[in-house]
file query.cif (mmCIF, C-alpha atoms and all ligand atoms)
data_model
#
loop_
_atom_site.group_PDB
_atom_site.id
_atom_site.type_symbol
_atom_site.label_atom_id
_atom_site.label_comp_id
_atom_site.auth_asym_id
_atom_site.auth_seq_id
_atom_site.Cartn_x
_atom_site.Cartn_y
_atom_site.Cartn_z
ATOM 1 C CA ALA A 1288 23.236 6.377 12.613
ATOM 2 C CA GLU A 1289 22.425 2.740 13.239
ATOM 3 C CA GLU A 1290 22.851 0.299 10.331
ATOM 4 C CA VAL A 1291 19.671 -0.813 8.584
ATOM 5 C CA GLN A 1292 21.103 -4.285 7.836
ATOM 6 C CA SER A 1293 21.139 -5.358 11.499
ATOM 7 C CA ASP A 1294 17.319 -5.295 11.587
ATOM 8 C CA ILE A 1295 16.996 -7.807 8.740
ATOM 9 C CA THR A 1296 16.455 -11.576 9.131
ATOM 10 C CA ARG A 1297 17.077 -12.468 5.511
ATOM 11 C CA VAL A 1298 16.886 -11.043 2.026
ATOM 12 C CA LEU A 1299 13.793 -12.183 0.131
ATOM 13 C CA VAL A 1300 14.340 -10.540 -3.268
ATOM 14 C CA THR A 1301 17.646 -8.989 -4.262
ATOM 15 C CA GLU A 1302 18.234 -5.688 -5.996
ATOM 16 C CA GLU A 1303 19.468 -7.630 -9.055
ATOM 17 C CA GLN A 1304 16.319 -9.784 -9.181
ATOM 18 C CA ILE A 1305 14.188 -6.654 -8.950
ATOM 19 C CA GLN A 1306 16.016 -4.911 -11.789
ATOM 20 C CA ALA A 1307 15.771 -8.011 -14.019
ATOM 21 C CA LYS A 1308 12.029 -8.227 -13.352
ATOM 22 C CA LEU A 1309 11.565 -4.528 -14.097
ATOM 23 C CA ASP A 1310 13.295 -4.982 -17.478
ATOM 24 C CA GLU A 1311 11.002 -7.924 -18.256
ATOM 25 C CA ILE A 1312 7.829 -6.016 -17.346
ATOM 26 C CA ALA A 1313 9.036 -2.878 -19.138
ATOM 27 C CA ALA A 1314 9.355 -4.936 -22.342
ATOM 28 C CA GLN A 1315 5.782 -6.235 -21.914
ATOM 29 C CA VAL A 1316 4.431 -2.752 -21.210
ATOM 30 C CA THR A 1317 6.292 -1.322 -24.196
ATOM 31 C CA ALA A 1318 4.659 -3.901 -26.475
ATOM 32 C CA ASP A 1319 1.204 -3.598 -24.879
ATOM 33 C CA TYR A 1320 1.109 0.214 -25.075
ATOM 34 C CA ASP A 1321 2.536 0.551 -28.570
ATOM 35 C CA GLY A 1322 1.142 3.734 -30.112
ATOM 36 C CA LYS A 1323 -0.618 4.775 -26.890
ATOM 37 C CA GLU A 1324 0.034 7.669 -24.558
ATOM 38 C CA LEU A 1325 1.135 6.103 -21.287
ATOM 39 C CA LEU A 1326 0.645 7.816 -17.930
ATOM 40 C CA LEU A 1327 2.309 6.147 -14.946
ATOM 41 C CA VAL A 1328 0.637 6.937 -11.622
ATOM 42 C CA GLY A 1329 2.734 6.210 -8.556
ATOM 43 C CA VAL A 1330 1.195 5.783 -5.121
ATOM 44 C CA LEU A 1331 3.208 7.660 -2.519
ATOM 45 C CA LYS A 1332 5.323 6.878 -0.715
ATOM 46 C CA GLY A 1333 5.975 3.160 -1.150
ATOM 47 C CA ALA A 1334 6.065 3.243 -4.950
ATOM 48 C CA VAL A 1335 8.836 5.829 -5.203
ATOM 49 C CA MET A 1336 11.657 3.329 -5.796
ATOM 50 C CA VAL A 1337 9.786 1.076 -8.234
ATOM 51 C CA MET A 1338 8.546 4.103 -10.165
ATOM 52 C CA ALA A 1339 12.048 5.559 -10.468
ATOM 53 C CA ASP A 1340 13.563 2.322 -11.764
ATOM 54 C CA PHE A 1341 10.601 1.150 -13.848
ATOM 55 C CA ALA A 1342 10.217 4.484 -15.657
ATOM 56 C CA ARG A 1343 13.906 4.380 -16.582
ATOM 57 C CA ALA A 1344 13.571 0.797 -17.841
ATOM 58 C CA LEU A 1345 11.020 2.019 -20.412
ATOM 59 C CA PRO A 1346 12.480 3.050 -23.761
ATOM 60 C CA THR A 1347 9.267 4.876 -24.689
ATOM 61 C CA HIS A 1348 7.753 8.247 -23.934
ATOM 62 C CA MET A 1349 5.667 8.356 -20.785
ATOM 63 C CA THR A 1350 4.410 10.897 -18.311
ATOM 64 C CA MET A 1351 4.343 10.496 -14.563
ATOM 65 C CA ASP A 1352 1.998 11.629 -11.822
ATOM 66 C CA TRP A 1353 1.532 10.798 -8.149
ATOM 67 C CA MET A 1354 -1.200 10.229 -5.644
ATOM 68 C CA ALA A 1355 -0.909 10.129 -1.896
ATOM 69 C CA VAL A 1356 -3.593 8.262 -0.010
ATOM 70 C CA SER A 1357 -3.990 7.134 3.548
ATOM 71 C CA SER A 1358 -6.314 4.510 4.872
ATOM 72 C CA TYR A 1359 -8.259 5.083 8.051
ATOM 73 C CA GLY A 1360 -7.889 2.199 10.439
ATOM 74 C CA THR A 1361 -6.734 1.146 13.839
ATOM 75 C CA GLY A 1362 -2.983 0.748 14.136
ATOM 76 C CA THR A 1363 -1.474 -1.271 11.330
ATOM 77 C CA ARG A 1364 -4.768 -2.746 10.074
ATOM 78 C CA SER A 1365 -6.140 -1.060 7.010
ATOM 79 C CA SER A 1366 -9.890 -0.481 6.995
ATOM 80 C CA GLY A 1367 -10.324 0.034 3.277
ATOM 81 C CA VAL A 1368 -11.616 3.549 3.847
ATOM 82 C CA VAL A 1369 -9.166 5.737 2.014
ATOM 83 C CA GLN A 1370 -8.533 9.468 2.115
ATOM 84 C CA ILE A 1371 -6.791 11.384 -0.672
ATOM 85 C CA ARG A 1372 -3.883 13.393 0.751
ATOM 86 C CA LYS A 1373 -2.544 14.496 -2.620
ATOM 87 C CA ASP A 1374 -4.600 14.143 -5.758
ATOM 88 C CA LEU A 1375 -3.332 13.832 -9.330
ATOM 89 C CA ASP A 1376 -2.287 16.946 -11.218
ATOM 90 C CA THR A 1377 -3.327 15.261 -14.472
ATOM 91 C CA ASP A 1378 -6.748 15.080 -16.121
ATOM 92 C CA LEU A 1379 -7.183 11.380 -16.918
ATOM 93 C CA HIS A 1380 -9.520 11.946 -19.880
ATOM 94 C CA GLY A 1381 -8.376 9.798 -22.797
ATOM 95 C CA LYS A 1382 -5.185 8.696 -20.999
ATOM 96 C CA HIS A 1383 -3.893 5.162 -20.739
ATOM 97 C CA VAL A 1384 -3.167 4.918 -17.031
ATOM 98 C CA LEU A 1385 -0.846 2.390 -15.439
ATOM 99 C CA ILE A 1386 -0.929 2.553 -11.643
ATOM 100 C CA VAL A 1387 2.470 1.660 -10.189
ATOM 101 C CA GLU A 1388 2.460 0.139 -6.695
ATOM 102 C CA ASP A 1389 5.144 -1.435 -4.554
ATOM 103 C CA ILE A 1390 2.875 -4.053 -2.999
ATOM 104 C CA ILE A 1391 -0.620 -5.477 -2.834
ATOM 105 C CA ASP A 1392 -1.245 -6.650 0.694
ATOM 106 C CA SER A 1393 -4.957 -6.806 1.593
ATOM 107 C CA GLY A 1394 -5.759 -5.213 -1.774
ATOM 108 C CA LEU A 1395 -7.869 -2.505 -0.143
ATOM 109 C CA THR A 1396 -5.780 0.475 -1.283
ATOM 110 C CA LEU A 1397 -5.764 -0.524 -4.956
ATOM 111 C CA SER A 1398 -9.345 -1.660 -4.917
ATOM 112 C CA TRP A 1399 -10.367 1.784 -3.686
ATOM 113 C CA LEU A 1400 -8.082 3.543 -6.177
ATOM 114 C CA LEU A 1401 -9.456 1.580 -9.124
ATOM 115 C CA THR A 1402 -12.998 2.528 -8.148
ATOM 116 C CA ASN A 1403 -11.927 6.144 -7.743
ATOM 117 C CA PHE A 1404 -10.221 6.203 -11.153
ATOM 118 C CA ALA A 1405 -13.148 4.543 -12.922
ATOM 119 C CA SER A 1406 -15.129 7.793 -12.921
ATOM 120 C CA ARG A 1407 -12.330 9.985 -14.302
ATOM 121 C CA GLY A 1408 -12.697 9.175 -17.985
ATOM 122 C CA ALA A 1409 -9.406 7.379 -18.619
ATOM 123 C CA ALA A 1410 -9.118 5.398 -21.847
ATOM 124 C CA SER A 1411 -7.787 2.488 -19.775
ATOM 125 C CA VAL A 1412 -6.624 1.820 -16.233
ATOM 126 C CA GLU A 1413 -4.287 -1.059 -15.391
ATOM 127 C CA VAL A 1414 -2.124 -1.970 -12.407
ATOM 128 C CA PHE A 1415 1.511 -2.918 -12.047
ATOM 129 C CA ALA A 1416 2.439 -4.107 -8.549
ATOM 130 C CA LEU A 1417 6.004 -5.219 -7.938
ATOM 131 C CA PHE A 1418 4.988 -7.473 -5.034
ATOM 132 C CA ARG A 1419 1.830 -9.240 -3.988
ATOM 133 C CA LYS A 1420 0.990 -11.287 -0.893
ATOM 134 C CA PRO A 1421 -1.668 -13.753 -2.083
ATOM 135 C CA ASP A 1422 -2.232 -15.058 1.452
ATOM 136 C CA ALA A 1423 -3.078 -11.567 2.763
ATOM 137 C CA ALA A 1424 -5.738 -10.715 0.186
ATOM 138 C CA LYS A 1425 -9.064 -9.455 1.519
ATOM 139 C CA VAL A 1426 -10.282 -8.285 -1.862
ATOM 140 C CA GLU A 1427 -9.204 -9.406 -5.304
ATOM 141 C CA VAL A 1428 -7.473 -6.735 -7.358
ATOM 142 C CA ASP A 1429 -7.416 -7.036 -11.115
ATOM 143 C CA CYS A 1430 -3.696 -6.569 -11.639
ATOM 144 C CA ARG A 1431 -2.233 -6.772 -15.159
ATOM 145 C CA TYR A 1432 1.459 -6.877 -14.229
ATOM 146 C CA ILE A 1433 2.902 -8.569 -11.128
ATOM 147 C CA GLY A 1434 6.567 -8.743 -10.237
ATOM 148 C CA PHE A 1435 6.734 -11.316 -7.443
ATOM 149 C CA ASP A 1436 4.246 -13.217 -5.321
ATOM 150 C CA ILE A 1437 5.722 -13.362 -1.820
ATOM 151 C CA PRO A 1438 4.822 -15.051 1.470
ATOM 152 C CA ASN A 1439 2.794 -13.226 4.098
ATOM 153 C CA GLU A 1440 5.810 -12.009 6.068
ATOM 154 C CA PHE A 1441 6.786 -8.570 7.338
ATOM 155 C CA VAL A 1442 8.846 -7.285 4.421
ATOM 156 C CA VAL A 1443 10.696 -4.007 4.108
ATOM 157 C CA GLY A 1444 12.997 -2.290 1.660
ATOM 158 C CA TYR A 1445 12.884 -0.880 -1.857
ATOM 159 C CA GLY A 1446 10.198 1.591 -0.788
ATOM 160 C CA LEU A 1447 8.435 -0.700 1.697
ATOM 161 C CA ASP A 1448 8.509 0.658 5.228
ATOM 162 C CA TYR A 1449 7.974 -0.303 8.814
ATOM 163 C CA ALA A 1450 7.024 2.824 10.782
ATOM 164 C CA GLU A 1451 8.386 4.887 7.849
ATOM 165 C CA LYS A 1452 11.843 3.305 8.071
ATOM 166 C CA TYR A 1453 13.730 0.821 5.843
ATOM 167 C CA ARG A 1454 12.501 2.291 2.552
ATOM 168 C CA ASN A 1455 16.127 2.909 1.543
ATOM 169 C CA LEU A 1456 17.183 -0.741 1.735
ATOM 170 C CA ARG A 1457 18.168 -1.855 -1.788
ATOM 171 C CA ASP A 1458 16.837 -5.423 -1.447
ATOM 172 C CA VAL A 1459 13.465 -6.513 -0.133
ATOM 173 C CA ALA A 1460 13.992 -8.344 3.124
ATOM 174 C CA ILE A 1461 12.189 -9.882 6.061
ATOM 175 C CA LEU A 1462 12.210 -7.652 9.117
ATOM 176 C CA ALA A 1463 13.715 -9.184 12.243
ATOM 177 C CA PRO A 1464 11.098 -9.821 14.971
ATOM 178 C CA HIS A 1465 13.145 -7.911 17.578
ATOM 179 C CA VAL A 1466 12.237 -4.720 15.716
ATOM 180 C CA TYR A 1467 8.476 -4.987 16.220
ATOM 181 C CA SER A 1468 7.985 -7.408 19.132
HETATM 182 C C1 LIG B 1501 1.380 0.269 1.666
HETATM 183 C C2 LIG B 1501 1.863 -0.143 0.287
HETATM 184 C C3 LIG B 1501 0.595 -0.145 -0.517
HETATM 185 C C4 LIG B 1501 -0.449 -0.570 0.490
HETATM 186 C C5 LIG B 1501 -0.786 -2.010 0.311
HETATM 187 O O1 LIG B 1501 1.215 1.667 1.670
HETATM 188 O O2 LIG B 1501 2.790 0.814 -0.217
HETATM 189 O O3 LIG B 1501 0.306 1.143 -1.001
HETATM 190 O O4 LIG B 1501 0.139 -0.384 1.800
HETATM 191 O O5 LIG B 1501 -1.637 -2.454 1.354
HETATM 192 P P1 LIG B 1501 -3.133 -2.936 1.114
HETATM 193 O O6 LIG B 1501 -3.141 -3.814 -0.120
HETATM 194 O O7 LIG B 1501 -3.439 -3.704 2.368
HETATM 195 O O8 LIG B 1501 -3.998 -1.746 0.946
HETATM 196 P P2 LIG B 1501 1.015 2.473 3.032
HETATM 197 O O9 LIG B 1501 -0.444 2.717 3.239
HETATM 198 O O10 LIG B 1501 1.764 1.789 4.126
HETATM 199 O O11 LIG B 1501 1.676 3.882 2.728
HETATM 200 P P3 LIG B 1501 3.175 4.119 2.179
HETATM 201 O O12 LIG B 1501 3.165 3.751 0.730
HETATM 202 O O13 LIG B 1501 3.406 5.575 2.377
HETATM 203 O O14 LIG B 1501 4.089 3.243 2.989
HETATM 204 MN MN MN B 1502 1.767 2.642 -0.340
HETATM 205 MG MG MG B 1503 3.622 1.929 4.523
#
call {"tool": "encode", "arguments": {"input": "query.cif", "output": "structure tokens"}}
result
Amino acid sequence: AEEVQSDITRVLVTEEQIQAKLDEIAAQVTADYDGKELLLVGVLKGAVMVMADFARALPTHMTMDWMAVSSYGTGTRSSGVVQIRKDLDTDLHGKHVLIVEDIIDSGLTLSWLLTNFASRGAASVEVFALFRKPDAAKVEVDCRYIGFDIPNEFVVGYGLDYAEKYRNLRDVAILAPHVYS
């Protein structure tokens, strides 16, 4: 198979920087949720890598669940209209929910999810997004924990895909234009 690395212009955030940030945020979350029952909700598929590493950076008990959503839209542009492809298995009543996302781009996915979760009776709902593109925001998302603010470039790796590929890259990197132009 063809090497992933040849499609990369440059690395934006290294695997080491990601792991250090996850340790830092895990320490904050551990302090903030002291004595509370924490449920991590990962958003498939992009959040798979951050969920796996973040959950293992936590020294505390937690439970884990997943949602799969897809946004209706033309091509690569998200419309903000979201469909649930796989719902939670967990009843959120009384739970302290921390949604784990790889990236906030336009903010439409998380904005919709937060509205959806608001009616499910959780004790609290907060967001941890490893990356955020401030210049791409269409709606503001109230996000408690942010890993890195990054420029509005086409980034892939560590769960982030282009046409479902590059999720397995260990670093987060800028995709070379020859791939999509
Ligand atoms: C990506 C990413 C976020 C969302 C962010 O998911 O993983 O979930 O887009 O974009 P937004 O802020 O503009 O809504 P995608 O819909 O590509 O699905 P995936 O996680 O399976 O890649
Ligand atoms: Mn996603
Ligand atoms: Mg995607």
call {"tool": "closest_residue", "arguments": {"input": "query.cif", "among": "A:His1383, A:Thr1396, A:Val1443, A:Arg1372", "to": "Asn1455 (chain A)", "atoms": "only C-alpha atoms"}}
result
A:Val1443
call {"tool": "residues_near_ligand", "arguments": {"input": "query.cif", "ligand": "ligand MN 1502 (chain B)", "cutoff": "10 Å", "atoms": "only C-alpha atoms and all ligand atoms", "output": "number ranges by chain"}}
result
A: 1329-1335, 1354-1358, 1387-1392, 1396-1397, 1446-1448
call {"tool": "atom_distance", "arguments": {"input": "query.cif", "atom1": "CA of Arg1419 (chain A)", "atom2": "CA of Leu1395 (chain A)"}}
result
12.4 Å
call {"tool": "closest_residue", "arguments": {"input": "query.cif", "among": "A:Lys1452, A:Lys1308, A:Lys1382, A:Arg1457", "to": "ligand MG 1503 (chain B)", "atoms": "only C-alpha atoms and all ligand atoms"}}
result
A:Lys1452
call {"tool": "atom_distance", "arguments": {"input": "query.cif", "atom1": "CA of Pro1438 (chain A)", "atom2": "atom P2 of ligand LIG 1501 (chain B)"}}
result
18.0 Å
call {"tool": "closest_residue", "arguments": {"input": "query.cif", "among": "A:Leu1309, A:Arg1297, A:His1380, A:Trp1353", "to": "Phe1435 (chain A)", "atoms": "all atoms listed in the file"}}
result
A:Leu1309
call {"tool": "atom_distance", "arguments": {"input": "query.cif", "atom1": "CA of Glu1324 (chain A)", "atom2": "CA of Leu1401 (chain A)"}}
result
19.1 Å
call {"tool": "closest_residue", "arguments": {"input": "query.cif", "among": "A:Tyr1445, A:Ile1437, A:Leu1299, A:Glu1413", "to": "Ala1339 (chain A)", "atoms": "all atoms listed in the file"}}
result
A:Tyr1445
call {"tool": "residues_around", "arguments": {"input": "query.cif", "residues": "region 1428-1434 of chain A", "least_positions_apart": "5", "cutoff": "12 Å", "atoms": "only C-alpha atoms", "output": "ChimeraX atom specification"}}
result
/A:1300,1304-1316,1319,1337,1341,1384-1402,1411-1421
call {"tool": "residues_around", "arguments": {"input": "query.cif", "residues": "Met1349 (chain A)", "least_positions_apart": "2", "cutoff": "10 Å", "atoms": "all atoms listed in the file", "output": "MDAnalysis selection string"}}
result
chainID A and resid 1323:1327 1342 1345:1347 1351
call {"tool": "build_atoms", "arguments": {"input": "query.cif", "residues": "region 1333-1366 of chain A", "atoms": "N, CA and C atoms", "output": "mmCIF file, in the coordinates of the input"}}
result
data_model
loop_
_atom_site.group_PDB
_atom_site.id
_atom_site.type_symbol
_atom_site.label_atom_id
_atom_site.label_comp_id
_atom_site.auth_asym_id
_atom_site.auth_seq_id
_atom_site.Cartn_x
_atom_site.Cartn_y
_atom_site.Cartn_z
ATOM 1 N N GLY A 1333 5.340 4.449 -0.922
ATOM 2 C CA GLY A 1333 5.975 3.160 -1.150
ATOM 3 C C GLY A 1333 6.461 2.933 -2.571
ATOM 4 N N ALA A 1334 5.766 3.529 -3.545
ATOM 5 C CA ALA A 1334 6.065 3.243 -4.950
ATOM 6 C C ALA A 1334 7.201 4.092 -5.527
ATOM 7 N N VAL A 1335 7.817 4.905 -4.692
ATOM 8 C CA VAL A 1335 8.836 5.829 -5.203
ATOM 9 C C VAL A 1335 9.991 5.089 -5.883
ATOM 10 N N MET A 1336 10.487 4.034 -5.242
ATOM 11 C CA MET A 1336 11.657 3.329 -5.796
ATOM 12 C C MET A 1336 11.295 2.578 -7.075
ATOM 13 N N VAL A 1337 10.168 1.852 -7.049
ATOM 14 C CA VAL A 1337 9.786 1.076 -8.234
ATOM 15 C C VAL A 1337 9.453 2.005 -9.394
ATOM 16 N N MET A 1338 8.842 3.132 -9.107
ATOM 17 C CA MET A 1338 8.546 4.103 -10.165
ATOM 18 C C MET A 1338 9.837 4.627 -10.784
ATOM 19 N N ALA A 1339 10.793 4.985 -9.962
ATOM 20 C CA ALA A 1339 12.048 5.559 -10.468
ATOM 21 C C ALA A 1339 12.772 4.571 -11.379
ATOM 22 N N ASP A 1340 12.832 3.316 -10.969
ATOM 23 C CA ASP A 1340 13.563 2.322 -11.764
ATOM 24 C C ASP A 1340 12.743 1.823 -12.950
ATOM 25 N N PHE A 1341 11.438 1.646 -12.757
ATOM 26 C CA PHE A 1341 10.601 1.150 -13.848
ATOM 27 C C PHE A 1341 10.510 2.179 -14.985
ATOM 28 N N ALA A 1342 10.324 3.436 -14.626
ATOM 29 C CA ALA A 1342 10.217 4.484 -15.657
ATOM 30 C C ALA A 1342 11.492 4.529 -16.499
ATOM 31 N N ARG A 1343 12.636 4.328 -15.849
ATOM 32 C CA ARG A 1343 13.906 4.380 -16.582
ATOM 33 C C ARG A 1343 14.182 3.102 -17.355
ATOM 34 N N ALA A 1344 13.443 2.035 -17.062
ATOM 35 C CA ALA A 1344 13.571 0.797 -17.841
ATOM 36 C C ALA A 1344 12.743 0.873 -19.123
ATOM 37 N N LEU A 1345 11.853 1.859 -19.214
ATOM 38 C CA LEU A 1345 11.020 2.019 -20.412
ATOM 39 C C LEU A 1345 11.780 2.811 -21.467
ATOM 40 N N PRO A 1346 11.811 2.304 -22.695
ATOM 41 C CA PRO A 1346 12.480 3.050 -23.761
ATOM 42 C C PRO A 1346 11.550 4.054 -24.438
ATOM 43 N N THR A 1347 10.292 4.065 -24.010
ATOM 44 C CA THR A 1347 9.267 4.876 -24.689
ATOM 45 C C THR A 1347 8.987 6.173 -23.945
ATOM 46 N N HIS A 1348 8.252 7.063 -24.620
ATOM 47 C CA HIS A 1348 7.753 8.247 -23.934
ATOM 48 C C HIS A 1348 6.737 7.837 -22.885
ATOM 49 N N MET A 1349 6.712 8.544 -21.789
ATOM 50 C CA MET A 1349 5.667 8.356 -20.785
ATOM 51 C C MET A 1349 5.580 9.650 -19.996
ATOM 52 N N THR A 1350 4.473 9.822 -19.288
ATOM 53 C CA THR A 1350 4.410 10.897 -18.311
ATOM 54 C C THR A 1350 4.150 10.262 -16.960
ATOM 55 N N MET A 1351 4.353 11.030 -15.922
ATOM 56 C CA MET A 1351 4.343 10.496 -14.563
ATOM 57 C C MET A 1351 3.510 11.418 -13.683
ATOM 58 N N ASP A 1352 2.709 10.831 -12.832
ATOM 59 C CA ASP A 1352 1.998 11.629 -11.822
ATOM 60 C C ASP A 1352 1.938 10.808 -10.538
ATOM 61 N N TRP A 1353 1.502 11.429 -9.476
ATOM 62 C CA TRP A 1353 1.532 10.798 -8.149
ATOM 63 C C TRP A 1353 0.248 11.028 -7.406
ATOM 64 N N MET A 1354 -0.127 10.046 -6.609
ATOM 65 C CA MET A 1354 -1.200 10.229 -5.644
ATOM 66 C C MET A 1354 -0.690 9.857 -4.273
ATOM 67 N N ALA A 1355 -1.183 10.542 -3.269
ATOM 68 C CA ALA A 1355 -0.909 10.129 -1.896
ATOM 69 C C ALA A 1355 -2.243 9.832 -1.237
ATOM 70 N N VAL A 1356 -2.364 8.648 -0.687
ATOM 71 C CA VAL A 1356 -3.593 8.262 -0.010
ATOM 72 C C VAL A 1356 -3.242 7.728 1.371
ATOM 73 N N SER A 1357 -4.206 7.782 2.254
ATOM 74 C CA SER A 1357 -3.990 7.134 3.548
ATOM 75 C C SER A 1357 -5.275 6.443 3.930
ATOM 76 N N SER A 1358 -5.107 5.244 4.494
ATOM 77 C CA SER A 1358 -6.314 4.510 4.872
ATOM 78 C C SER A 1358 -6.590 4.714 6.352
ATOM 79 N N TYR A 1359 -7.838 5.011 6.656
ATOM 80 C CA TYR A 1359 -8.259 5.083 8.051
ATOM 81 C C TYR A 1359 -8.237 3.680 8.618
ATOM 82 N N GLY A 1360 -7.861 3.525 9.840
ATOM 83 C CA GLY A 1360 -7.889 2.199 10.439
ATOM 84 C C GLY A 1360 -7.232 2.264 11.794
ATOM 85 N N THR A 1361 -7.352 1.174 12.522
ATOM 86 C CA THR A 1361 -6.734 1.146 13.839
ATOM 87 C C THR A 1361 -5.359 0.536 13.710
ATOM 88 N N GLY A 1362 -4.352 1.251 14.134
ATOM 89 C CA GLY A 1362 -2.983 0.748 14.136
ATOM 90 C C GLY A 1362 -2.505 0.374 12.748
ATOM 91 N N THR A 1363 -2.058 -0.856 12.591
ATOM 92 C CA THR A 1363 -1.474 -1.271 11.330
ATOM 93 C C THR A 1363 -2.513 -1.886 10.397
ATOM 94 N N ARG A 1364 -3.731 -2.120 10.903
ATOM 95 C CA ARG A 1364 -4.768 -2.746 10.074
ATOM 96 C C ARG A 1364 -5.467 -1.717 9.218
ATOM 97 N N SER A 1365 -5.463 -1.952 7.936
ATOM 98 C CA SER A 1365 -6.140 -1.060 7.010
ATOM 99 C C SER A 1365 -7.638 -1.357 7.013
ATOM 100 N N SER A 1366 -8.436 -0.309 6.944
ATOM 101 C CA SER A 1366 -9.890 -0.481 6.995
ATOM 102 C C SER A 1366 -10.513 -0.521 5.610
#
